[in-house]
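Student: Contents of data36.txt (compact mmCIF, C-alpha atoms):
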# COMPACT_ATOMS: atom_id res chain seq x y z
CA MET A 1 159.08 75.10 85.81
CA ASN A 2 156.30 74.46 88.34
CA LEU A 3 155.57 77.01 91.05
CA THR A 4 157.23 74.99 93.83
CA ALA A 5 160.47 74.71 91.88
CA PHE A 6 160.19 78.34 90.86
CA LEU A 7 160.00 79.58 94.45
CA ALA A 8 162.67 77.12 95.56
CA SER A 9 165.08 78.79 93.14
CA ALA A 10 164.74 82.10 95.01
CA VAL A 11 167.96 83.95 95.71
CA LEU A 12 168.59 86.97 97.87
CA ALA A 13 170.91 89.78 96.80
CA VAL A 14 171.43 92.31 99.58
CA SER A 15 173.97 94.46 101.34
CA PRO A 16 174.94 93.58 104.95
CA THR A 17 172.73 96.15 106.69
CA PHE A 18 169.78 95.60 104.38
CA PRO A 19 166.51 94.27 105.99
CA ALA A 20 167.05 90.93 104.28
CA PRO A 21 164.84 88.68 106.45
CA GLN A 22 161.80 90.93 106.05
CA LEU A 23 162.28 91.14 102.28
CA GLN A 24 162.66 87.37 102.01
CA GLN A 25 159.53 86.88 104.13
CA ILE A 26 157.41 88.55 101.43
CA VAL A 27 158.32 85.67 99.10
CA ASP A 28 158.38 83.01 101.81
CA SER A 29 154.83 83.97 102.81
CA GLY A 30 153.64 82.39 99.56
CA GLY A 31 152.04 85.63 98.50
CA ALA A 32 154.69 86.77 96.02
CA ALA A 33 156.96 85.20 93.43
CA THR A 34 159.66 87.89 93.63
CA ALA A 35 160.32 91.17 95.40
CA VAL A 36 162.75 94.08 94.97
CA LEU A 37 163.52 96.77 97.53
CA ARG A 38 165.66 99.87 97.74
CA VAL A 39 166.35 101.70 100.99
CA GLY A 40 168.54 104.74 100.50
CA ALA A 41 171.50 103.60 98.44
CA GLN A 42 171.00 99.89 99.16
CA SER A 43 169.08 97.56 96.86
CA GLY A 44 168.10 93.95 97.27
CA SER A 45 165.87 91.26 95.81
CA ALA A 46 164.14 88.06 96.88
CA GLY A 47 163.28 85.42 94.34
CA PRO A 48 164.78 85.01 90.87
CA VAL A 49 164.92 88.72 89.97
CA ALA A 50 167.68 91.31 89.80
CA PRO A 51 167.58 94.15 92.35
CA GLN A 52 167.58 96.66 89.48
CA ALA A 53 164.55 95.05 87.79
CA TYR A 54 161.94 97.17 86.04
CA PHE A 55 158.30 96.95 87.12
CA ARG A 56 154.94 98.57 86.52
CA ILE A 57 154.43 101.23 89.21
CA GLY A 58 150.63 101.49 88.77
CA SER A 59 149.10 104.32 90.77
CA VAL A 60 152.47 105.73 91.85
CA THR A 61 152.03 107.39 88.44
CA LYS A 62 149.49 109.65 90.15
CA THR A 63 152.20 111.35 92.20
CA PHE A 64 154.09 112.26 89.02
CA VAL A 65 150.89 113.67 87.51
CA ALA A 66 150.00 115.66 90.63
CA THR A 67 153.55 117.06 90.75
CA VAL A 68 153.20 118.44 87.23
CA VAL A 69 149.84 120.01 88.12
CA LEU A 70 151.44 121.67 91.16
CA GLN A 71 154.23 122.97 88.95
CA LEU A 72 151.54 124.59 86.81
CA VAL A 73 150.12 126.06 90.01
CA ASP A 74 153.57 127.51 90.79
CA GLU A 75 153.59 129.00 87.28
CA LYS A 76 150.17 130.56 87.96
CA ARG A 77 148.68 128.69 85.00
CA VAL A 78 146.38 126.62 87.25
CA ARG A 79 144.71 127.42 90.57
CA LEU A 80 143.84 124.57 92.90
CA ASP A 81 140.50 125.96 94.00
CA ASP A 82 139.29 126.89 90.52
CA PRO A 83 136.57 124.70 89.03
CA ILE A 84 137.90 122.07 86.67
CA ALA A 85 135.45 123.43 84.06
CA ARG A 86 137.62 126.53 83.77
CA TYR A 87 140.34 124.40 82.17
CA LEU A 88 138.25 121.60 80.66
CA PRO A 89 134.94 123.24 79.71
CA GLY A 90 132.20 120.73 78.96
CA VAL A 91 134.38 117.70 79.76
CA VAL A 92 133.36 116.87 83.35
CA PRO A 93 129.68 116.81 84.35
CA ASN A 94 129.11 119.28 87.19
CA GLY A 95 132.61 120.57 86.44
CA GLU A 96 131.64 124.07 87.53
CA ARG A 97 131.36 122.74 91.11
CA ILE A 98 134.37 120.38 91.15
CA THR A 99 137.72 122.00 91.89
CA VAL A 100 141.17 120.99 90.69
CA ARG A 101 142.04 120.20 94.31
CA GLN A 102 139.07 117.84 94.61
CA VAL A 103 140.19 116.03 91.47
CA LEU A 104 143.68 115.51 92.89
CA ASP A 105 142.65 114.41 96.40
CA HIS A 106 139.71 112.20 95.33
CA THR A 107 137.00 114.29 96.97
CA SER A 108 135.34 115.10 93.62
CA GLY A 109 132.81 112.27 93.87
CA ILE A 110 133.50 111.25 90.25
CA TYR A 111 132.80 107.56 89.59
CA ASP A 112 135.81 105.27 89.03
CA TYR A 113 135.61 103.79 85.53
CA ALA A 114 137.83 100.91 86.70
CA HIS A 115 134.91 99.60 88.80
CA ASP A 116 133.06 98.62 85.63
CA PRO A 117 133.55 94.95 84.63
CA GLY A 118 136.37 94.63 82.11
CA TRP A 119 137.75 98.15 82.70
CA SER A 120 140.37 97.45 85.38
CA THR A 121 144.03 96.59 84.80
CA ASN A 122 143.95 94.76 88.14
CA ARG A 123 141.92 91.98 86.51
CA TRP A 124 142.67 89.49 83.74
CA ARG A 125 141.06 90.81 80.53
CA GLY A 126 142.05 88.17 78.00
CA ALA A 127 142.72 89.58 74.53
CA ASP A 128 141.42 92.98 75.64
CA ARG A 129 144.61 93.48 77.63
CA PHE A 130 146.31 94.40 74.32
CA ARG A 131 143.62 96.86 73.22
CA HIS A 132 144.24 100.61 72.92
CA TYR A 133 142.00 102.92 74.95
CA GLU A 134 141.47 106.64 74.52
CA PRO A 135 141.01 108.82 77.62
CA SER A 136 137.62 109.87 76.24
CA GLU A 137 136.46 106.23 76.37
CA LEU A 138 137.39 106.00 80.05
CA LEU A 139 135.51 109.21 80.83
CA GLU A 140 132.48 107.98 78.91
CA VAL A 141 132.31 104.88 81.12
CA ALA A 142 132.79 106.93 84.29
CA PHE A 143 130.20 109.55 83.43
CA SER A 144 127.58 106.96 82.56
CA HIS A 145 127.32 106.45 86.33
CA PRO A 146 126.09 108.93 88.93
CA PRO A 147 128.76 110.43 91.21
CA TYR A 148 129.48 108.86 94.57
CA PHE A 149 128.59 112.10 96.39
CA GLU A 150 128.44 115.85 95.92
CA PRO A 151 131.85 117.51 95.36
CA GLY A 152 133.72 117.80 98.65
CA ALA A 153 131.15 115.77 100.60
CA GLY A 154 133.26 112.63 100.97
CA TRP A 155 136.30 110.69 99.79
CA HIS A 156 136.41 107.90 97.22
CA TYR A 157 139.45 106.70 95.30
CA SER A 158 138.73 107.13 91.61
CA ASN A 159 141.14 106.56 88.75
CA THR A 160 138.92 108.81 86.67
CA ASN A 161 140.19 111.80 88.64
CA TYR A 162 143.67 111.29 87.24
CA ILE A 163 142.43 110.80 83.70
CA VAL A 164 140.93 114.27 84.18
CA ALA A 165 144.22 115.52 85.66
CA GLY A 166 146.13 114.22 82.64
CA LEU A 167 143.75 116.04 80.31
CA LEU A 168 144.15 119.19 82.41
CA ILE A 169 147.92 119.09 81.88
CA GLU A 170 147.44 118.62 78.15
CA ARG A 171 144.92 121.45 77.80
CA VAL A 172 147.04 123.95 79.75
CA THR A 173 150.41 123.08 78.21
CA GLY A 174 149.42 122.07 74.70
CA ARG A 175 151.58 118.96 75.02
CA SER A 176 150.87 115.37 76.05
CA TYR A 177 150.90 114.69 79.77
CA GLY A 178 153.70 112.16 79.19
CA ALA A 179 155.83 114.73 77.41
CA GLU A 180 155.36 117.11 80.32
CA ILE A 181 156.37 114.46 82.88
CA SER A 182 159.45 113.70 80.80
CA ARG A 183 160.35 117.38 80.33
CA ARG A 184 159.67 118.50 83.88
CA ILE A 185 160.65 115.46 85.98
CA LEU A 186 162.35 112.57 84.20
CA ARG A 187 165.01 114.49 82.31
CA PRO A 188 165.93 117.00 85.06
CA LEU A 189 166.28 114.19 87.62
CA ARG A 190 167.94 111.85 85.10
CA LEU A 191 165.35 109.15 85.71
CA THR A 192 166.55 107.16 82.71
CA GLN A 193 164.88 103.95 83.90
CA THR A 194 161.40 105.47 84.07
CA SER A 195 159.03 105.52 81.10
CA LEU A 196 155.48 106.08 79.95
CA PRO A 197 154.92 103.08 77.66
CA GLY A 198 151.76 104.18 75.86
CA ASP A 199 150.66 101.18 73.76
CA ARG A 200 153.87 99.19 74.26
CA PRO A 201 152.92 95.93 76.04
CA GLY A 202 156.33 94.88 77.35
CA LEU A 203 158.81 95.98 80.01
CA PRO A 204 162.55 96.64 79.62
CA SER A 205 164.93 93.96 80.84
CA PRO A 206 165.57 92.82 83.44
CA HIS A 207 162.10 92.34 84.86
CA ALA A 208 160.18 89.67 86.72
CA PRO A 209 156.99 88.23 85.23
CA GLY A 210 153.61 89.10 86.67
CA TYR A 211 150.99 86.42 87.24
CA ALA A 212 147.23 86.01 87.17
CA SER A 213 144.89 83.12 87.90
CA VAL A 214 142.75 82.05 84.92
CA ASP A 215 140.38 79.11 85.37
CA GLY A 216 142.45 77.90 88.29
CA ARG A 217 145.73 78.08 86.37
CA LEU A 218 148.66 80.43 86.97
CA VAL A 219 149.33 82.37 83.76
CA ASP A 220 151.90 84.95 82.73
CA ALA A 221 150.24 88.36 82.82
CA THR A 222 153.34 90.45 82.17
CA LEU A 223 152.38 91.80 78.76
CA MET A 224 149.57 94.35 78.52
CA ASN A 225 148.74 97.62 76.83
CA PRO A 226 148.53 99.99 79.83
CA SER A 227 146.58 102.72 78.02
CA LEU A 228 143.55 101.62 80.06
CA ASP A 229 145.31 103.24 83.02
CA TRP A 230 146.88 106.18 81.16
CA ALA A 231 147.59 109.06 83.60
CA ALA A 232 146.12 107.02 86.46
CA GLY A 233 148.77 104.30 86.38
CA GLU A 234 150.67 103.42 83.20
CA MET A 235 154.28 104.14 84.16
CA ILE A 236 157.25 101.74 84.42
CA SER A 237 160.27 102.35 86.65
CA THR A 238 162.82 100.88 89.07
CA THR A 239 163.25 101.22 92.82
CA ALA A 240 166.25 103.53 92.35
CA ASP A 241 164.36 105.93 90.09
CA VAL A 242 161.21 105.98 92.23
CA ASN A 243 163.28 106.74 95.34
CA ARG A 244 165.13 109.52 93.52
CA PHE A 245 161.82 111.06 92.44
CA PHE A 246 160.38 111.10 95.96
CA GLU A 247 163.64 112.38 97.46
CA ALA A 248 163.51 115.34 95.06
CA LEU A 249 159.80 115.90 95.65
CA PHE A 250 160.04 116.01 99.46
CA ALA A 251 163.13 118.23 99.25
CA ALA A 252 160.98 120.77 97.31
CA ARG A 253 163.25 120.46 94.28
CA LEU A 254 160.30 119.85 91.94
CA THR A 255 157.83 122.42 93.29
CA SER A 256 157.87 125.40 95.59
CA LYS A 257 157.67 124.72 99.31
CA ALA A 258 154.17 126.22 99.28
CA ALA A 259 153.04 123.83 96.55
CA LEU A 260 154.55 120.87 98.39
CA ALA A 261 152.65 121.95 101.50
CA GLU A 262 149.43 121.85 99.46
CA MET A 263 150.25 118.32 98.31
CA ARG A 264 150.66 117.36 101.98
CA ARG A 265 147.25 118.67 103.06
CA TYR A 266 145.83 115.23 103.84
CA VAL A 267 142.15 114.41 104.16
CA PRO A 268 140.66 111.32 105.87
CA ALA A 269 140.47 108.46 103.38
CA THR A 270 140.49 104.86 104.66
CA ASP A 271 141.49 103.00 107.80
CA LEU A 272 144.91 102.48 106.20
CA PHE A 273 145.86 105.95 104.96
CA GLU A 274 145.03 109.62 104.48
CA TYR A 275 145.20 111.24 101.06
CA GLY A 276 146.74 114.52 99.88
CA LEU A 277 147.30 115.74 96.33
CA GLY A 278 148.72 112.62 94.71
CA LEU A 279 150.19 111.48 98.05
CA GLN A 280 149.21 108.94 100.69
CA ARG A 281 150.16 109.06 104.37
CA PHE A 282 150.29 105.74 106.21
CA ARG A 283 150.69 105.18 109.96
CA LEU A 284 152.83 102.19 110.85
CA PRO A 285 152.16 100.06 113.97
CA CYS A 286 155.04 101.79 115.78
CA GLY A 287 153.25 105.13 115.38
CA THR A 288 155.58 106.51 112.69
CA SER A 289 153.86 108.13 109.71
CA VAL A 290 155.28 107.60 106.24
CA GLU A 291 154.37 109.43 103.04
CA GLY A 292 154.41 108.25 99.44
CA HIS A 293 152.07 106.22 97.27
CA SER A 294 151.10 102.65 96.48
CA GLY A 295 150.34 101.09 93.12
CA GLN A 296 148.58 97.93 92.02
CA ILE A 297 148.34 96.69 88.44
CA LEU A 298 147.88 93.05 87.45
CA GLY A 299 151.07 91.17 88.33
CA TYR A 300 152.79 94.06 90.14
CA THR A 301 152.36 95.78 93.52
CA THR A 302 154.44 98.77 94.60
CA TYR A 303 154.81 100.76 97.81
CA SER A 304 157.04 103.82 98.01
CA THR A 305 157.33 105.11 101.60
CA HIS A 306 159.32 108.03 103.01
CA SER A 307 159.97 109.44 106.48
CA GLY A 308 162.60 112.05 107.21
CA SER A 309 165.77 111.04 105.38
CA THR A 310 164.66 107.42 104.94
CA HIS A 311 163.39 106.56 101.48
CA ALA A 312 162.18 103.04 100.66
CA THR A 313 160.52 101.58 97.56
CA LEU A 314 159.27 98.00 97.38
CA SER A 315 157.79 96.23 94.39
CA TYR A 316 156.74 92.60 94.26
CA ASN A 317 154.93 90.18 91.98
CA PRO A 318 151.91 88.94 93.94
CA LEU A 319 150.66 85.41 93.53
CA PRO A 320 146.89 84.86 93.23
CA GLY A 321 145.35 83.89 96.54
CA GLY A 322 148.43 84.84 98.55
CA ASP A 323 148.56 87.33 101.40
CA THR A 324 151.63 89.50 101.85
CA SER A 325 150.07 92.14 104.12
CA SER A 326 151.78 91.11 107.36
CA ALA A 327 155.13 90.67 105.64
CA VAL A 328 154.91 94.06 103.94
CA ILE A 329 153.99 95.81 107.19
CA GLY A 330 156.84 94.00 108.91
CA LEU A 331 159.29 95.15 106.26
CA PHE A 332 158.34 98.82 106.45
CA THR A 333 158.29 98.65 110.24
CA ALA A 334 161.88 97.37 110.10
CA VAL A 335 162.85 100.13 107.68
CA HIS A 336 161.20 103.10 109.36
CA CYS A 337 160.84 102.12 113.03
CA ASP A 338 163.71 99.88 114.13
Written as structure tokens, that's how I'd like the structure from this file.
Tutor:
Amino acid sequence: MNLTAFLASAVLAVSPTFPAPQLQQIVDSGGAATAVLRVGAQSGSAGPVAPQAYFRIGSVTKTFVATVVLQLVDEKRVRLDDPIARYLPGVVPNGERITVRQVLDHTSGIYDYAHDPGWSTNRWRGADRFRHYEPSELLEVAFSHPPYFEPGAGWHYSNTNYIVAGLLIERVTGRSYGAEISRRILRPLRLTQTSLPGDRPGLPSPHAPGYASVDGRLVDATLMNPSLDWAAGEMISTTADVNRFFEALFAARLTSKAALAEMRRYVPATDLFEYGLGLQRFRLPCGTSVEGHSGQILGYTTYSTHSGSTHATLSYNPLPGGDTSSAVIGLFTAVHCD
């Protein structure tokens, strides 16, 4: 099927009060092949995809990781303002001056390994997309570069921070970071549609394919070994599960209220958002602030946004060269402002 026919086959599955036009606009903009959205108990889809489709959540994984670290803080096994070297001696250069908090809010200055050519899951990597990566390999790439700045002297998004956070969880608990997420979050909340795939390249069904542009051609980029992202972005989920996770998090059902308050201590980041401990805070054009996290991994883009009792998670399959920014802002404005 060519792309024109593919998009022409789009269907919309929504409930009557669902923001259907805004969801459809994400596909109609030409910037996405499909999109799925859940707002509260209502789910919908645009394009040939089921509303309950699975997708790669990318950096939304970071919020799960940060939540586990804050649980360890509640258990007095980790302290946010301790140097990371206390828990991972000899692992992080200058680790005696970098705190756990600075790792979680991206003020550590540690270089992002994903900025090296061939080390980002947001880019087509040919046969390398099926390769297994060890966390130590990712750190080796990162630490071959000088830091962006002295610890605490700035802000720079770095996936390496969450590789370090994953290793912190493993060192303190003696179990894999994935096992701890499953034990502490997925099973208690019954998030049965959420997984940490490890080396598995596929997604459960149903799911929409992801796409990449290779030599001017649109190719299927769905399959990949996500170990290159590991604790920075490997997880798979659905809109229902992601919403349930954030509802529990913001209700302080996963951490103490004090720990949640620490997660919500935002620092200036970019023109688009502020950053806390595994959380982003966005300001919509209407002036409303929403909290959550975004995630990008080749073929899949996710935004999970929350304000008061309104919980909304969107995931779509971007098309190379397309621009969904206005449509996405319009959708979340309709959800949180209207």
Student: Could you tell me how far atom CA of Glu96 of chain A sits from atom CA of Ile84 of chain A, in Å to one decimal place?
Tutor: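 Between these atoms lies a distance of 6.6 Å.
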Student: Kindly provide the residues of segment 194-252 of chain A that approach segment 276-298 of chain A to within 12 Å, each paired with its closest atom pair and their distance in Å to one decimal, based on all atoms listed in the file, listed by chain and increasing number, as JSON lines.
Tutor:
{"residue": "A:Pro209", "atom": "CA", "partner": "A:Leu298", "partner_atom": "CA", "distance": 10.5}
{"residue": "A:Gly210", "atom": "CA", "partner": "A:Leu298", "partner_atom": "CA", "distance": 7.0}
{"residue": "A:Tyr211", "atom": "CA", "partner": "A:Leu298", "partner_atom": "CA", "distance": 7.3}
{"residue": "A:Ala212", "atom": "CA", "partner": "A:Leu298", "partner_atom": "CA", "distance": 7.1}
{"residue": "A:Ser213", "atom": "CA", "partner": "A:Leu298", "partner_atom": "CA", "distance": 10.4}
{"residue": "A:Val219", "atom": "CA", "partner": "A:Leu298", "partner_atom": "CA", "distance": 11.4}
{"residue": "A:Asp220", "atom": "CA", "partner": "A:Leu298", "partner_atom": "CA", "distance": 10.2}
{"residue": "A:Ala221", "atom": "CA", "partner": "A:Leu298", "partner_atom": "CA", "distance": 7.0}
{"residue": "A:Thr222", "atom": "CA", "partner": "A:Leu298", "partner_atom": "CA", "distance": 8.0}
{"residue": "A:Leu223", "atom": "CA", "partner": "A:Leu298", "partner_atom": "CA", "distance": 9.9}
{"residue": "A:Met224", "atom": "CA", "partner": "A:Leu298", "partner_atom": "CA", "distance": 9.2}
{"residue": "A:Asn225", "atom": "CA", "partner": "A:Leu298", "partner_atom": "CA", "distance": 11.6}
{"residue": "A:Pro226", "atom": "CA", "partner": "A:Ile297", "partner_atom": "CA", "distance": 9.2}
{"residue": "A:Leu228", "atom": "CA", "partner": "A:Ile297", "partner_atom": "CA", "distance": 10.8}
{"residue": "A:Asp229", "atom": "CA", "partner": "A:Ile297", "partner_atom": "CA", "distance": 9.0}
{"residue": "A:Ala231", "atom": "CA", "partner": "A:Gly278", "partner_atom": "CA", "distance": 11.7}
{"residue": "A:Ala232", "atom": "CA", "partner": "A:Gly295", "partner_atom": "CA", "distance": 9.9}
{"residue": "A:Gly233", "atom": "CA", "partner": "A:Gly295", "partner_atom": "CA", "distance": 7.6}
{"residue": "A:Glu234", "atom": "CA", "partner": "A:Ile297", "partner_atom": "CA", "distance": 8.8}
{"residue": "A:Met235", "atom": "CA", "partner": "A:Gly295", "partner_atom": "CA", "distance": 10.3}
{"residue": "A:Ile236", "atom": "CA", "partner": "A:Ile297", "partner_atom": "CA", "distance": 11.0}
{"residue": "A:Ser237", "atom": "CA", "partner": "A:Gly295", "partner_atom": "CA", "distance": 11.9}
{"residue": "A:Val242", "atom": "CA", "partner": "A:Gly292", "partner_atom": "CA", "distance": 10.2}
{"residue": "A:Asn243", "atom": "CA", "partner": "A:Gly292", "partner_atom": "CA", "distance": 9.9}
{"residue": "A:Phe245", "atom": "CA", "partner": "A:Gly292", "partner_atom": "CA", "distance": 10.6}
{"residue": "A:Phe246", "atom": "CA", "partner": "A:Gly292", "partner_atom": "CA", "distance": 7.5}
{"residue": "A:Glu247", "atom": "CA", "partner": "A:Gly292", "partner_atom": "CA", "distance": 10.3}
{"residue": "A:Leu249", "atom": "CA", "partner": "A:Gly292", "partner_atom": "CA", "distance": 10.1}
{"residue": "A:Phe250", "atom": "CA", "partner": "A:Glu291", "partner_atom": "CA", "distance": 9.4}
Student: Calculate how many Å separate atom CA of Ser195 of chain A from atom CA of Glu180 of chain A, rounding to one decimal.
Tutor: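 Atom-to-atom, atom CA of Ser195 of chain A and atom CA of Glu180 of chain A are spaced 12.2 Å apart.
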Student: With all atoms listed in the file as the basis for distance, which of A:Phe64, A:Trp230, A:Tyr54, A:Tyr162 is at the shortest distance from Val36 of chain A?
Tutor: A:Tyr54
Student: Which residues are close to segment 107-122 of chain A, i.e. within 10 Å by all atoms listed in the file, leaving aside same-chain residues fewer than 5 positions away? Reply as a PyMOL selection string.
Tutor: chain A and resi 58+92-95+97-102+128-129+137-161+163+212+224-229+233-234+267+269+275+296-300
Student: Any idea what's packed within 9 Å of Leu331 of chain A, counting all atoms listed in the file, ignoring anything in its chain fewer than 2 positions away? Could you give it as a VMD selection string?
Tutor: chain A and resid 19 21 to 23 25 to 26 326 to 329 333 to 336
Student: Kindly give the distance, in Å, that separates atom CA of Phe18 of chain A and atom CA of Phe332 of chain A, rounded to a single decimal.
Tutor: 12.1 Å
Student: Which residue is closest to Gly30 of chain A? Choose from A:Gly330, A:Gly321, A:Pro89, A:Gly216 and count all atoms listed in the file.
Tutor: A:Gly321
Student: Using only C-alpha atoms, which of the listed residues (A:Leu191, A:Val68, A:Val73, A:Ala252) sits closest to Leu167 of chain A?
Tutor: A:Val68
Student: Looking at A:Gln71, A:Arg184, A:Gln42, A:Ala53, which one is nearest to Glu262 of chain A, with distances taken over only C-alpha atoms?
Tutor: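 Using only C-alpha atoms, Glu262 of chain A sits closest to A:Gln71.
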